[in-house]
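Structure record follows, encoded as structure tokens.
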Amino acid sequence: MASSTDDLINFAKEIAGNPSEIHQRCSASRAYYASYHLCNGFAETRDIPHHYEEKTSYGFHEALIKRFTEFNQTSKEATNLKSVGYMLRQSRDIRVNADYRLTETFDSKDTKLAIGYFEKIFERLENSKI
């Protein structure tokens, strides 16, 4: 059975209820991937240009972020999409801390931020007219 963005964010919210640090780390990581897949699906179904030709200095995650932050239209909608890219980048930074910086403290405030980014991204994409 395939998983969906809803499955990822629902699982993130479910395990966020456990205060242990490992649950908080896993929750934040799943919340980021829910945001990532939501943004990727949106970008693939809309006319949002790729930046893969420049991919020599960054990976697929940053390429997706750049699809939003470097969206080249001037409109309120473009501003909304750029903000989605910035929120996705912030969420990715939280995920990097959760997954790789194990010697640093990670707690529920970090998890709440990652879940909050998902909710804001979802709202902006859901209401987008692009």
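For the structure tokens, the naming scheme is as follows: chains receive sequential letters (A, B, ...) according to their order of presentation, residues are indexed from 1 within each chain, and ligands are indexed from 1 in presentation order.
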**Study point:** Residue contacts of Cys26 (chain A) (8 Å, only C-alpha atoms) excluding same-chain residues fewer than 3 positions away, as a PyMOL selection string
**Key:** chain A and resi 12+15+22-23+29-30+98-99
Practice item. Please provide the set of residues having any atom within 12 Å of His61 (chain A), restricted to only C-alpha atoms, with same-chain residues fewer than 2 positions apart removed, written as a PyMOL selection string. Key: chain A and resi 32-33+35-37+39-40+50-52+55+57-59+63-68+85+88-93+95-96
Exercise for review: Within 12 Å of Pro19 (chain A), counting only C-alpha atoms, which residues show up once you throw out same-chain ones fewer than 5 positions away? Write them as a PyMOL selection string, please.
Suggested key: chain A and resi 13-14+24-27+106-112
Keeping N, CA, C and O atoms, export the residues of the selection given above as an mmCIF file, in the first residue's frame.
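Ended up saving to selection-v6.cif:
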```cif
data_model
loop_
_atom_site.group_PDB
_atom_site.id
_atom_site.type_symbol
_atom_site.label_atom_id
_atom_site.label_comp_id
_atom_site.auth_asym_id
_atom_site.auth_seq_id
_atom_site.Cartn_x
_atom_site.Cartn_y
_atom_site.Cartn_z
ATOM 1 N N LYS A 13 1.847 13.957 13.566
ATOM 2 C CA LYS A 13 1.035 14.515 14.659
ATOM 3 C C LYS A 13 0.800 13.474 15.749
ATOM 4 O O LYS A 13 0.821 13.797 16.935
ATOM 5 N N GLU A 14 0.604 12.239 15.332
ATOM 6 C CA GLU A 14 0.361 11.160 16.299
ATOM 7 C C GLU A 14 1.563 10.955 17.219
ATOM 8 O O GLU A 14 1.430 10.915 18.438
ATOM 9 N N GLN A 24 9.943 13.135 19.115
ATOM 10 C CA GLN A 24 9.922 14.499 18.599
ATOM 11 C C GLN A 24 10.763 14.611 17.334
ATOM 12 O O GLN A 24 10.356 15.236 16.347
ATOM 13 N N ARG A 25 11.918 13.972 17.329
ATOM 14 C CA ARG A 25 12.776 13.987 16.138
ATOM 15 C C ARG A 25 12.080 13.302 14.953
ATOM 16 O O ARG A 25 12.074 13.834 13.835
ATOM 17 N N CYS A 26 11.507 12.150 15.203
ATOM 18 C CA CYS A 26 10.833 11.412 14.122
ATOM 19 C C CYS A 26 9.616 12.183 13.608
ATOM 20 O O CYS A 26 9.358 12.222 12.401
ATOM 21 N N SER A 27 8.895 12.812 14.509
ATOM 22 C CA SER A 27 7.733 13.590 14.119
ATOM 23 C C SER A 27 8.118 14.759 13.219
ATOM 24 O O SER A 27 7.499 14.992 12.173
ATOM 25 N N PHE A 106 16.732 18.414 21.117
ATOM 26 C CA PHE A 106 15.623 18.576 20.180
ATOM 27 C C PHE A 106 14.358 18.346 20.982
ATOM 28 O O PHE A 106 14.226 17.339 21.668
ATOM 29 N N ASP A 107 13.395 19.272 20.923
ATOM 30 C CA ASP A 107 12.202 19.099 21.742
ATOM 31 C C ASP A 107 10.930 19.467 20.992
ATOM 32 O O ASP A 107 10.951 19.710 19.787
ATOM 33 N N SER A 108 9.841 19.520 21.726
ATOM 34 C CA SER A 108 8.525 19.684 21.103
ATOM 35 C C SER A 108 8.370 21.024 20.383
ATOM 36 O O SER A 108 7.580 21.120 19.448
ATOM 37 N N LYS A 109 9.103 22.047 20.785
ATOM 38 C CA LYS A 109 8.959 23.323 20.071
ATOM 39 C C LYS A 109 9.451 23.192 18.625
ATOM 40 O O LYS A 109 8.865 23.779 17.706
ATOM 41 N N ASP A 110 10.493 22.397 18.421
ATOM 42 C CA ASP A 110 10.990 22.156 17.063
ATOM 43 C C ASP A 110 9.951 21.374 16.255
ATOM 44 O O ASP A 110 9.702 21.684 15.090
ATOM 45 N N THR A 111 9.364 20.394 16.892
ATOM 46 C CA THR A 111 8.347 19.585 16.226
ATOM 47 C C THR A 111 7.130 20.426 15.876
ATOM 48 O O THR A 111 6.601 20.331 14.756
ATOM 49 N N LYS A 112 6.698 21.261 16.799
ATOM 50 C CA LYS A 112 5.545 22.128 16.538
ATOM 51 C C LYS A 112 5.818 23.071 15.368
ATOM 52 O O LYS A 112 4.930 23.340 14.560
#
```
Review point. Please, what distance in Å, to one decimal, runs between CA of Ala28 (chain A) and CA of Ile94 (chain A)?
Key: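 Between CA of Ala28 (chain A) and CA of Ile94 (chain A) the gap is 7.1 Å.
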Check your understanding: Looking at only C-alpha atoms, which of A:Tyr86, A:Asn97, A:Phe42, A:Asn72 is the one that sits closest to Ser128 (chain A)?
Key -> A:Phe42
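Atom pair CA of Tyr117 (chain A) / CA of Phe71 (chain A): separated by 19.4 Å.
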